Structure formats: structure tokens, C-alpha cells
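Some notes on the structure that comes next.
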Amino acid sequence: MRKKASLELQELGALASIIPSHEPELKVSIRTIPAAQDALSRSMIPVCEPMLCGREREYVLDCIDSNWISSQGKYIWKFEEAFSRCCGAKYGVACANGTVALHLALATLGIGAGDEVIIPTFTMIATANAVSYTGAKPVLVDAESETYNLDISQIEAKITPRTRAIMPVHTYGHPVDMDPILELARRHSLYVVEDAAEAHGAEVRGARIGGIGDATCFSFYANKIITTGEGGMITTNSEEIARLAANVRDHAFSEERHFWHQYMGFNYRMTNLQAAVGLAQTERFDELVEIRRRNAALYSAQLRPIPGIVTPKELPWAKNVFWMYSILVENDFGISRDELQRRLAERGIETRTFFIPMHLQPIYYEAYRGQRYPVSEELCRKGMYLPSAATLTPEQIAFVAESVAACRG
Ligand SMILES: *Cc1c(COP(=O)(O)O)cnc(C)c1O
């Protein structure tokens, strides 16, 4: 049987207090409310949900009517082409989910045992796990406190002769400043593999995320800005990377002979059904991104005046797509983040706490024992995100903002 990594919270000492307990239960069950249709209902506001109001149904039915439901079929290449174009990249390689997109990118670049990949400790578990799946070691850097992205000034000190890649994560939709990352990578001959699971449509000085690093990995999970239910894609401007990734995604069948394998491949294929949803979503790419930005502007206008609430930033060179509308609850708010979360749940408002950093995860704790990343730890203690779906109405946003203000201690 697989062994469970155990980490007693007492072992963390003073840090134990920053680890959130399970999310509070909402007063209303999600299943009873079709939230998208029931826009004005205040009985339950989910933290996120998809918005499928384009040609999704038509395209999925076309797959079924035409009998093309596996990973062959026109929607795959149409989706790859349309989505990569939206991201300013020449090539797209669709795959089963965002996590395997990350793993596939690293495997395609030949990263494996004995190698090191630099990632932020403040991220979702898939970033670190994708590195671990290859046999390489994730090397951590702290977050910076304005964008919650990795602190670029700390990267160089972590580069060793084993380092092969830097893996920035565009956290909650705010892009990482890619210029200094590309410069560091050039100087040390490293690959840049971006985790853009949360950043569809984000821009750095007018350049879209997706066409900047060697390979950029997107997720299309149901809560992401563009969704296929489950799905992912690598975008790249390198024909070589695209061609090899597409082959390794599909068991690495060789061109010479079928059932002949010269690379270790995987089955990381996406189905035509998923791609059908993805193409319909991508046709509304700009609209889905702009809704997130408009909703964020509405939230910020109402939340910024509340003492003790820190609203998310957009640095002058960046286009933040506000995948999740994130706030920090400071001490002068009067009640803790956990208490605010509980009080909002009582009003039917679903929220999520920020990531728990990688160095405090039971599965990674031993590997980084004794290392401290104070900014990430503080974000873990103070951060949460509010309902962020594209389906939110201005009335629901106002209700959430009023509720935050009313909960103040
Ligand atoms: C969602 C997400 C992933 C994983 O994507 P899946 O499609 O769920 O596998 C990876 N990294 C980050 C930062 C994410 O938010």
C-alpha cells in the first residue's frame, strides 16, 4: 500500500497556526441551486463555476453525431490552433489536464533524475509534483508580497550546476515579469517552463502569456478562465518542442514502425469532446477574460475602502486577468481570515484559503526541513479568495463586498 506522509502540526511549531483547517460548510447545498440561472439568488454564491453559453453544446453534439469522441477528430487541432493563436504562440499541444501538461513539457525537454527545477513555494501542488514525477528536484523560492508571484531576486542564488529550468507560476492571474526570467535563463542556459494554469489572457508589456517562455502550460479545469471540464495545453513557438511533445503525449509511437518506441511516452491525450468545449470557449476568449477583469474592478472599488482588507494589484507593466479575486485579511480588520471565511459561509458565500506552501506540505516537508519562506507563510495565513466565476452578477459582487464589510470585527 502507498505510504501516507504524516506531518504532525506540532512539528511545525509556531507555523502550525498558519495552516488552515478544512473549509467551513455552507448553509446551502450547492446541488439545490442552479446558480448560473439563478443570478439574483443570494442563497449560495459558489467560489467558481464554468460559463458555457457559446457553441459548446452544438460542438459536443457534433462529436457524438459524427462518432468522433476519442482523441482523433477535428476539434483537437482546431482548439490547439485557436487557443495557441489567442496566446501569441505558434503551436499548441492539447492534453488531458494542466498537471500532465507540466509533466509533458518537462519530460519533452529531457528533464529527469539528478536535475533541479526552480519553482515558487507558494503554488498549487501540481507545480511541484510535475517536477517530482520526472525524478528531478523542485528547488523553492519565496513569493514577493505585491503579486504573490515568485521573488525573482531570489532565483539566482538557487541556481546550481544541476539546475535545468525555471518554472514561474502566474499566480491568481497576475503575470510574472518575464524579462528578467528570460535574461537569467539565457545567462545560465536554462529552460523556461511557465505554469499558466491561472493566467489565460494575461500580458507582460503587451506580450501574451503563452508565447514567451520555451513552453507554457495551461489548465482547462472547470474553475479556470477557459475550461474543457478537464484538460490542458502546452503552447510554444518551438516547432521541435511541439512536435516532440505531441508524440510523447501519444505513447511516443515512432514514425518508422507502429508499436516501436524510442522514447518513454505517456497517454496524456485530450478527447475530441473536451476540445469541442474548448474551441467554443476559445471563441469567447477575450470576453471571458474581460468579464474577470470587470468583476475584479467592481470588487476592488467596493473593498478597497475597508480597513484591513488588501485588494489585488495590477503592476503598471502587467495585465492581470484575476483568475480568482484574492484578498488579504490584515490584523486591523478585527477578525481573522478564518473567522471571516466562516461568517461569509453563514451567508452562503463560498471562499477558499490561499495555497499552503510546498515546504509545509506533508509530502515535501522532509525535503525542505528548516527552510523558511516568510512571505509565502504570511500569504498562507492571511489570504483567501472570493467568488470569482464569470457568471457573477454585479448584485452578487455588491452582496459579497457588503458582507465582507459587515463581518468586520
Ligand atoms: C489548476 C492548476 C494546476 C493543475 O491543473 P489541473 O488541470 O487541475 O491538473 C496547476 N498549477 C496551477 C497553478 C493551477 O492553478
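In the C-alpha cells, chains take letters A, B, ... by order of appearance, with residues numbered from 1 within each chain and ligands from 1 in the order shown.
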
With the cut-off set at 6 Å and counting only C-alpha atoms and all ligand atoms, tabulate each residue of chain A with an atom at most that distance from an atom of ligand 1, showing the nearest atom pair and its distance in Å to one decimal, ordered by chain and increasing number, as CSV.
```
residue,atom,partner,partner_atom_place_in_ligand_line,distance
A:Asn97,CA,ligand 1,7 (O),4.0
A:Gly98,CA,ligand 1,7 (O),3.4
A:Thr99,CA,ligand 1,9 (O),3.7
A:Thr123,CA,ligand 1,13 (C),5.8
A:Met124,CA,ligand 1,13 (C),5.0
A:Ala126,CA,ligand 1,10 (C),4.8
A:Thr127,CA,ligand 1,11 (N),5.3
A:Asp195,CA,ligand 1,11 (N),5.9
A:Ala197,CA,ligand 1,14 (C),4.7
A:Glu198,CA,ligand 1,15 (O),5.2
A:Ser219,CA,ligand 1,7 (O),4.2
A:Phe220,CA,ligand 1,7 (O),5.6
A:Tyr221,CA,ligand 1,7 (O),4.7
A:Glu230,CA,ligand 1,7 (O),6.0
A:Gly231,CA,ligand 1,7 (O),5.7
A:Gly232,CA,ligand 1,7 (O),5.8
```

Can you spit out the residues from that selection as a compact mmCIF listing (two decimals), in the first residue's frame, using N, CA, C and O atoms?
```
# COMPACT_ATOMS: atom_id res chain seq x y z
N ASN A 97 -4.93 17.22 -18.85
CA ASN A 97 -5.15 18.21 -17.80
C ASN A 97 -3.90 19.08 -17.64
O ASN A 97 -2.89 18.86 -18.33
N GLY A 98 -3.99 20.06 -16.76
CA GLY A 98 -2.88 21.00 -16.61
C GLY A 98 -1.65 20.37 -15.97
O GLY A 98 -0.51 20.71 -16.31
N THR A 99 -1.87 19.44 -15.06
CA THR A 99 -0.76 18.78 -14.38
C THR A 99 0.08 17.99 -15.38
O THR A 99 1.32 18.08 -15.38
N THR A 123 2.55 27.92 -4.39
CA THR A 123 1.86 27.50 -5.59
C THR A 123 0.95 26.34 -5.25
O THR A 123 0.87 25.89 -4.10
N MET A 124 0.26 25.85 -6.28
CA MET A 124 -0.60 24.70 -6.13
C MET A 124 0.26 23.45 -6.27
O MET A 124 1.27 23.47 -6.99
N ALA A 126 0.36 20.84 -7.94
CA ALA A 126 0.68 20.25 -9.24
C ALA A 126 2.02 20.75 -9.79
O ALA A 126 2.72 20.01 -10.50
N THR A 127 2.39 21.98 -9.49
CA THR A 127 3.65 22.53 -9.99
C THR A 127 4.82 21.69 -9.47
O THR A 127 5.69 21.25 -10.24
N ASP A 195 3.99 27.89 -15.68
CA ASP A 195 2.71 27.35 -15.22
C ASP A 195 1.69 28.48 -15.34
O ASP A 195 1.65 29.38 -14.49
N ALA A 197 -1.63 28.00 -15.59
CA ALA A 197 -2.95 27.41 -15.34
C ALA A 197 -3.98 28.46 -14.93
O ALA A 197 -5.18 28.27 -15.13
N GLU A 198 -3.49 29.58 -14.36
CA GLU A 198 -4.39 30.59 -13.81
C GLU A 198 -4.34 31.90 -14.61
O GLU A 198 -4.83 32.92 -14.13
N SER A 219 -4.12 25.03 -17.83
CA SER A 219 -5.11 24.06 -17.36
C SER A 219 -6.47 24.54 -17.84
O SER A 219 -6.74 25.74 -17.91
N PHE A 220 -7.34 23.58 -18.16
CA PHE A 220 -8.73 23.90 -18.51
C PHE A 220 -9.70 23.22 -17.56
O PHE A 220 -10.78 22.80 -17.93
N TYR A 221 -9.27 23.06 -16.31
CA TYR A 221 -10.15 22.55 -15.26
C TYR A 221 -11.38 23.46 -15.16
O TYR A 221 -11.34 24.61 -15.59
N GLU A 230 -12.05 18.94 -17.84
CA GLU A 230 -10.67 18.57 -17.52
C GLU A 230 -9.88 18.79 -18.80
O GLU A 230 -10.37 18.44 -19.89
N GLY A 231 -8.70 19.30 -18.71
CA GLY A 231 -7.90 19.49 -19.92
C GLY A 231 -6.70 20.36 -19.66
O GLY A 231 -6.59 21.00 -18.60
N GLY A 232 -5.80 20.38 -20.62
CA GLY A 232 -4.61 21.22 -20.51
C GLY A 232 -4.00 21.44 -21.87
O GLY A 232 -4.42 20.80 -22.86
```

Pick out each residue of segment 174-371 of chain A that DSSP on the backbone tags as helix (DSSP H, G or I); I need them as a PyMOL selection string.
chain A and resi 178-188+239-249+272-282+285-303+331-333+337-346+358-360+366-368

Select from segment 75-133 of chain A every residue with an atom at most 8 Å from any atom of segment 272-284 of chain A, then for each give the shortest pair of atoms and their distance in Å to one decimal, using only C-alpha atoms, rows by chain and rising number, as JSON lines.
```
{"residue": "A:Tyr75", "atom": "CA", "partner": "A:Ala276", "partner_atom": "CA", "distance": 5.3}
{"residue": "A:Ile76", "atom": "CA", "partner": "A:Ala275", "partner_atom": "CA", "distance": 5.2}
{"residue": "A:Lys78", "atom": "CA", "partner": "A:Leu279", "partner_atom": "CA", "distance": 6.9}
{"residue": "A:Phe79", "atom": "CA", "partner": "A:Leu279", "partner_atom": "CA", "distance": 4.7}
{"residue": "A:Ala82", "atom": "CA", "partner": "A:Thr282", "partner_atom": "CA", "distance": 6.8}
{"residue": "A:Phe83", "atom": "CA", "partner": "A:Thr282", "partner_atom": "CA", "distance": 6.0}
{"residue": "A:Cys86", "atom": "CA", "partner": "A:Thr282", "partner_atom": "CA", "distance": 7.9}
```

Output all heavy atoms for every residue in the selection just made, as a compact mmCIF listing (two decimals), in the first residue's frame.
```txt
# COMPACT_ATOMS: atom_id res chain seq x y z
N TYR A 75 -11.85 18.72 -33.72
CA TYR A 75 -11.87 19.74 -32.68
C TYR A 75 -10.52 19.83 -31.97
O TYR A 75 -10.17 20.89 -31.46
CB TYR A 75 -13.01 19.50 -31.69
CG TYR A 75 -14.34 19.83 -32.30
CD1 TYR A 75 -15.24 18.83 -32.66
CD2 TYR A 75 -14.68 21.16 -32.57
CE1 TYR A 75 -16.45 19.15 -33.27
CE2 TYR A 75 -15.88 21.48 -33.18
CZ TYR A 75 -16.76 20.47 -33.53
OH TYR A 75 -17.95 20.79 -34.14
N ILE A 76 -9.77 18.73 -31.93
CA ILE A 76 -8.45 18.79 -31.28
C ILE A 76 -7.57 19.82 -31.98
O ILE A 76 -7.07 20.76 -31.35
CB ILE A 76 -7.76 17.40 -31.30
CG1 ILE A 76 -8.60 16.36 -30.56
CG2 ILE A 76 -6.36 17.50 -30.71
CD1 ILE A 76 -8.52 16.40 -29.07
N LYS A 78 -8.37 22.06 -34.19
CA LYS A 78 -8.98 23.41 -34.24
C LYS A 78 -8.78 24.15 -32.91
O LYS A 78 -8.50 25.35 -32.89
CB LYS A 78 -10.49 23.30 -34.53
CG LYS A 78 -10.82 23.06 -35.98
CD LYS A 78 -12.31 23.22 -36.20
CE LYS A 78 -12.64 23.11 -37.67
NZ LYS A 78 -14.06 23.37 -37.94
N PHE A 79 -8.96 23.41 -31.83
CA PHE A 79 -8.78 24.01 -30.49
C PHE A 79 -7.31 24.38 -30.28
O PHE A 79 -7.00 25.49 -29.83
CB PHE A 79 -9.27 23.02 -29.43
CG PHE A 79 -9.07 23.47 -28.00
CD1 PHE A 79 -9.29 24.79 -27.61
CD2 PHE A 79 -8.69 22.54 -27.02
CE1 PHE A 79 -9.12 25.18 -26.28
CE2 PHE A 79 -8.53 22.93 -25.70
CZ PHE A 79 -8.73 24.25 -25.33
N ALA A 82 -6.67 27.51 -32.41
CA ALA A 82 -7.35 28.72 -31.94
C ALA A 82 -6.77 29.19 -30.61
O ALA A 82 -6.51 30.39 -30.42
CB ALA A 82 -8.85 28.45 -31.80
N PHE A 83 -6.56 28.26 -29.68
CA PHE A 83 -6.10 28.66 -28.36
C PHE A 83 -4.67 29.19 -28.42
O PHE A 83 -4.36 30.22 -27.81
CB PHE A 83 -6.21 27.50 -27.35
CG PHE A 83 -5.85 27.92 -25.95
CD1 PHE A 83 -6.79 28.57 -25.15
CD2 PHE A 83 -4.57 27.72 -25.44
CE1 PHE A 83 -6.46 29.00 -23.87
CE2 PHE A 83 -4.24 28.15 -24.16
CZ PHE A 83 -5.19 28.78 -23.38
N CYS A 86 -4.61 32.66 -29.67
CA CYS A 86 -5.02 33.62 -28.64
C CYS A 86 -3.89 33.94 -27.66
O CYS A 86 -3.90 34.97 -27.02
CB CYS A 86 -6.18 33.06 -27.82
SG CYS A 86 -7.75 33.21 -28.64
```

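DSSP, applied to the backbone of this structure, assigns strand (DSSP E) to the following residues of segment 277-332 of chain A: A:Ile309, A:Val310, A:Ala318, A:Lys319, A:Tyr325, A:Ser326, A:Ile327, A:Leu328, A:Val329.
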
Residues as selected, C-alpha atoms, written as a compact mmCIF listing (two decimals), in the first residue's frame, can you do that?
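Below you can see out.txt, which holds the result:
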```
# COMPACT_ATOMS: atom_id res chain seq x y z
CA ILE A 309 -8.57 44.30 3.52
CA VAL A 310 -5.77 44.26 0.93
CA ALA A 318 1.08 43.85 -16.39
CA LYS A 319 -2.36 42.76 -17.48
CA TYR A 325 -10.26 37.59 -6.79
CA SER A 326 -7.83 37.35 -3.90
CA ILE A 327 -7.71 39.40 -0.71
CA LEU A 328 -5.50 39.53 2.36
CA VAL A 329 -7.11 39.93 5.78
```

Can you pull out every residue within 7 Å of Leu244 of chain A, counting only C-alpha atoms, but drop anything in the same chain fewer than 4 positions away, and send it as a PyMOL selection string?
chain A and resi 108+240+248

Grab the residues selected above and save them as a compact mmCIF listing (two decimals), in the first residue's frame with N, CA and C atoms.
```txt
# COMPACT_ATOMS: atom_id res chain seq x y z
N THR A 108 9.47 16.38 -22.15
CA THR A 108 9.86 16.68 -23.53
C THR A 108 11.23 17.36 -23.58
N GLU A 240 10.11 22.20 -32.77
CA GLU A 240 10.73 20.99 -32.25
C GLU A 240 10.07 20.53 -30.94
N VAL A 248 5.21 12.41 -27.57
CA VAL A 248 5.37 11.83 -26.22
C VAL A 248 4.00 11.76 -25.52
```

Give me, as a JSON list (two decimals) with N, CA and C atoms, in the first residue's frame, all polymer residues having an atom no more than 12 Å from segment 359-364 of chain A, counting only C-alpha atoms and skipping those fewer than 3 positions away in the same chain.
```json
[["chain", "number", "residue", "atom", "x", "y", "z"],
["A", 3, "LYS", "N", 2.35, 4.66, 1.00],
["A", 3, "LYS", "CA", 2.56, 5.19, 2.34],
["A", 3, "LYS", "C", 2.12, 6.65, 2.42],
["A", 4, "LYS", "N", 1.39, 6.93, 3.48],
["A", 4, "LYS", "CA", 0.90, 8.30, 3.68],
["A", 4, "LYS", "C", 2.00, 9.11, 4.36],
["A", 5, "ALA", "N", 2.27, 10.29, 3.85],
["A", 5, "ALA", "CA", 3.25, 11.16, 4.52],
["A", 5, "ALA", "C", 2.56, 11.79, 5.71],
["A", 6, "SER", "N", 3.12, 11.62, 6.88],
["A", 6, "SER", "CA", 2.46, 12.23, 8.02],
["A", 6, "SER", "C", 3.27, 13.42, 8.49],
["A", 7, "LEU", "N", 2.56, 14.43, 8.89],
["A", 7, "LEU", "CA", 3.23, 15.61, 9.44],
["A", 7, "LEU", "C", 2.33, 16.12, 10.55],
["A", 8, "GLU", "N", 2.80, 15.92, 11.78],
["A", 8, "GLU", "CA", 2.02, 16.42, 12.91],
["A", 8, "GLU", "C", 2.16, 17.93, 12.95],
["A", 9, "LEU", "N", 1.04, 18.62, 13.13],
["A", 9, "LEU", "CA", 1.11, 20.08, 13.11],
["A", 9, "LEU", "C", 2.04, 20.63, 14.20],
["A", 11, "GLU", "N", 4.82, 19.62, 14.96],
["A", 11, "GLU", "CA", 6.18, 19.66, 14.44],
["A", 11, "GLU", "C", 6.51, 21.00, 13.81],
["A", 12, "LEU", "N", 5.48, 21.70, 13.36],
["A", 12, "LEU", "CA", 5.71, 22.99, 12.69],
["A", 12, "LEU", "C", 5.95, 24.11, 13.69],
["A", 13, "GLY", "N", 5.76, 23.83, 14.98],
["A", 13, "GLY", "CA", 5.97, 24.86, 16.00],
["A", 13, "GLY", "C", 5.01, 26.01, 15.79],
["A", 15, "LEU", "N", 4.60, 27.80, 13.32],
["A", 15, "LEU", "CA", 3.99, 27.81, 11.98],
["A", 15, "LEU", "C", 2.68, 27.03, 11.92],
["A", 16, "ALA", "N", 2.44, 26.16, 12.91],
["A", 16, "ALA", "CA", 1.22, 25.35, 12.89],
["A", 16, "ALA", "C", -0.02, 26.24, 12.77],
["A", 17, "SER", "N", 0.06, 27.42, 13.36],
["A", 17, "SER", "CA", -1.13, 28.29, 13.40],
["A", 17, "SER", "C", -1.50, 28.85, 12.03],
["A", 18, "ILE", "N", -0.59, 28.80, 11.05],
["A", 18, "ILE", "CA", -0.95, 29.37, 9.74],
["A", 18, "ILE", "C", -1.65, 28.34, 8.84],
["A", 19, "ILE", "N", -1.64, 27.06, 9.24],
["A", 19, "ILE", "CA", -2.24, 26.05, 8.38],
["A", 19, "ILE", "C", -3.76, 26.06, 8.58],
["A", 20, "PRO", "N", -4.50, 26.37, 7.53],
["A", 20, "PRO", "CA", -5.96, 26.45, 7.70],
["A", 20, "PRO", "C", -6.56, 25.06, 7.96],
["A", 119, "ILE", "N", 11.08, 26.52, -8.67],
["A", 119, "ILE", "CA", 9.64, 26.86, -8.64],
["A", 119, "ILE", "C", 9.36, 27.73, -7.41],
["A", 120, "PRO", "N", 8.23, 28.43, -7.41],
["A", 120, "PRO", "CA", 7.85, 29.13, -6.18],
["A", 120, "PRO", "C", 7.33, 28.13, -5.14],
["A", 121, "THR", "N", 7.58, 28.37, -3.87],
["A", 121, "THR", "CA", 6.98, 27.50, -2.83],
["A", 121, "THR", "C", 5.50, 27.83, -2.70],
["A", 122, "PHE", "N", 5.14, 29.08, -3.03],
["A", 122, "PHE", "CA", 3.73, 29.48, -2.95],
["A", 122, "PHE", "C", 3.06, 29.15, -4.27],
["A", 123, "THR", "N", 2.55, 27.92, -4.39],
["A", 123, "THR", "CA", 1.86, 27.50, -5.59],
["A", 123, "THR", "C", 0.95, 26.34, -5.25],
["A", 124, "MET", "N", 0.26, 25.85, -6.28],
["A", 124, "MET", "CA", -0.60, 24.70, -6.13],
["A", 124, "MET", "C", 0.26, 23.45, -6.27],
["A", 125, "ILE", "N", -0.12, 22.38, -5.64],
["A", 125, "ILE", "CA", 0.71, 21.18, -5.53],
["A", 125, "ILE", "C", 1.17, 20.63, -6.88],
["A", 128, "ALA", "N", 4.85, 21.48, -8.16],
["A", 128, "ALA", "CA", 5.93, 20.71, -7.55],
["A", 128, "ALA", "C", 5.86, 19.25, -7.96],
["A", 129, "ASN", "N", 4.65, 18.70, -7.97],
["A", 129, "ASN", "CA", 4.51, 17.28, -8.31],
["A", 129, "ASN", "C", 4.96, 16.99, -9.74],
["A", 132, "SER", "N", 8.53, 16.53, -9.64],
["A", 132, "SER", "CA", 8.87, 15.28, -8.95],
["A", 132, "SER", "C", 8.60, 14.06, -9.83],
["A", 137, "LYS", "N", 14.33, 17.45, -8.87],
["A", 137, "LYS", "CA", 14.01, 18.01, -7.56],
["A", 137, "LYS", "C", 13.49, 19.44, -7.70],
["A", 138, "PRO", "N", 12.30, 19.74, -7.13],
["A", 138, "PRO", "CA", 11.86, 21.13, -7.11],
["A", 138, "PRO", "C", 12.72, 21.92, -6.11],
["A", 139, "VAL", "N", 13.26, 23.04, -6.56],
["A", 139, "VAL", "CA", 14.01, 23.94, -5.68],
["A", 139, "VAL", "C", 13.15, 25.18, -5.48],
["A", 140, "LEU", "N", 12.99, 25.58, -4.22],
["A", 140, "LEU", "CA", 11.96, 26.58, -3.91],
["A", 140, "LEU", "C", 12.51, 27.99, -3.78],
["A", 141, "VAL", "N", 11.71, 28.97, -4.20],
["A", 141, "VAL", "CA", 11.98, 30.36, -3.83],
["A", 141, "VAL", "C", 10.70, 30.94, -3.23],
["A", 142, "ASP", "N", 10.89, 31.98, -2.44],
["A", 142, "ASP", "CA", 9.76, 32.61, -1.75],
["A", 142, "ASP", "C", 8.93, 33.45, -2.74],
["A", 355, "PHE", "N", -3.04, 29.07, -1.11],
["A", 355, "PHE", "CA", -2.24, 27.84, -1.10],
["A", 355, "PHE", "C", -1.48, 27.67, 0.21],
["A", 356, "ILE", "N", -1.28, 26.42, 0.60],
["A", 356, "ILE", "CA", -0.32, 26.11, 1.66],
["A", 356, "ILE", "C", 1.01, 25.85, 0.96],
["A", 367, "ALA", "N", 12.02, 17.19, 2.74],
["A", 367, "ALA", "CA", 12.99, 17.64, 1.72],
["A", 367, "ALA", "C", 13.45, 19.07, 1.97],
["A", 368, "TYR", "N", 12.62, 19.86, 2.65],
["A", 368, "TYR", "CA", 12.95, 21.28, 2.84],
["A", 368, "TYR", "C", 13.02, 21.65, 4.32],
["A", 369, "ARG", "N", 13.18, 20.64, 5.18],
["A", 369, "ARG", "CA", 13.16, 20.87, 6.63],
["A", 369, "ARG", "C", 14.10, 22.01, 7.01],
["A", 370, "GLY", "N", 13.57, 22.93, 7.79],
["A", 370, "GLY", "CA", 14.39, 24.03, 8.27],
["A", 370, "GLY", "C", 14.40, 25.23, 7.34],
["A", 371, "GLN", "N", 13.93, 25.08, 6.10],
["A", 371, "GLN", "CA", 13.91, 26.24, 5.21],
["A", 371, "GLN", "C", 12.69, 27.10, 5.54],
["A", 372, "ARG", "N", 12.88, 28.41, 5.50],
["A", 372, "ARG", "CA", 11.77, 29.31, 5.81],
["A", 372, "ARG", "C", 11.50, 30.24, 4.63],
["A", 373, "TYR", "N", 10.26, 30.46, 4.35],
["A", 373, "TYR", "CA", 9.84, 31.35, 3.26],
["A", 373, "TYR", "C", 8.77, 32.27, 3.81],
["A", 374, "PRO", "N", 9.22, 33.35, 4.49],
["A", 374, "PRO", "CA", 8.28, 34.14, 5.31],
["A", 374, "PRO", "C", 7.14, 34.79, 4.53],
["A", 376, "SER", "N", 5.61, 33.71, 1.76],
["A", 376, "SER", "CA", 4.62, 32.67, 1.43],
["A", 376, "SER", "C", 3.84, 32.24, 2.66],
["A", 377, "GLU", "N", 4.54, 32.16, 3.80],
["A", 377, "GLU", "CA", 3.88, 31.75, 5.03],
["A", 377, "GLU", "C", 2.83, 32.78, 5.45],
["A", 380, "CYS", "N", -0.17, 32.52, 3.24],
["A", 380, "CYS", "CA", -0.95, 31.35, 3.64],
["A", 380, "CYS", "C", -1.84, 31.67, 4.83]]
```

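Excluding segment 291-306 of chain A and any residue on its chain fewer than 2 positions from it, the residues at most 6 Å away by only C-alpha atoms are Leu288, Val289, Ile309, Val321, Phe322 and Ala390 of chain A.
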
Fewer than 2 positions away in the same chain doesn't count, so skip those; otherwise give me all residues within 6 Å of segment 208-215 of chain A, counting only C-alpha atoms, as an MDAnalysis selection string.
chainID A and resid 87:89 192:193 202:203 235:236

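Distance check against Ala101 of chain A using only C-alpha atoms: of A:Ala130, A:Ala405, A:Val47, A:Ile155, the minimum falls on A:Ala130.
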
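Taking atom CA of Thr311 of chain A as the reference point, atom CA of Pro46 of chain A is found at 19.8 Å.
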
Which one of A:Ser238, A:Ser388, A:Asn320, A:Thr134 sits closest to Glu49 of chain A if you count only C-alpha atoms?
A:Ser388

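Taking atom CA of Val404 of chain A and atom CA of Val176 of chain A as endpoints, the distance between them is 28.9 Å.
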
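When only C-alpha atoms are used to measure the gap to Glu350 of chain A, the shortest distance among A:Gly112, A:Glu25, A:Lys382, A:Gly334 belongs to A:Glu25.
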
Distance of atom CA of Gly54 of chain A from atom CA of Asp286 of chain A, expressed in Å to one decimal place:
13.0 Å

Shell around segment 255-271 of chain A at 6 Å using only C-alpha atoms, local window under 5 positions removed, as a PyMOL selection string
chain A and resi 70-71+95-96+248-250

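Proximity to Pro168 of chain A was assessed for A:Asn331, A:Gln10, A:Asn149, A:Thr228 counting only C-alpha atoms; the smallest distance is recorded for A:Asn149.
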
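Proximity to Asn237 of chain A was assessed for A:Glu183, A:Thr353, A:Tyr91, A:Glu366 counting only C-alpha atoms; the smallest distance is recorded for A:Tyr91.
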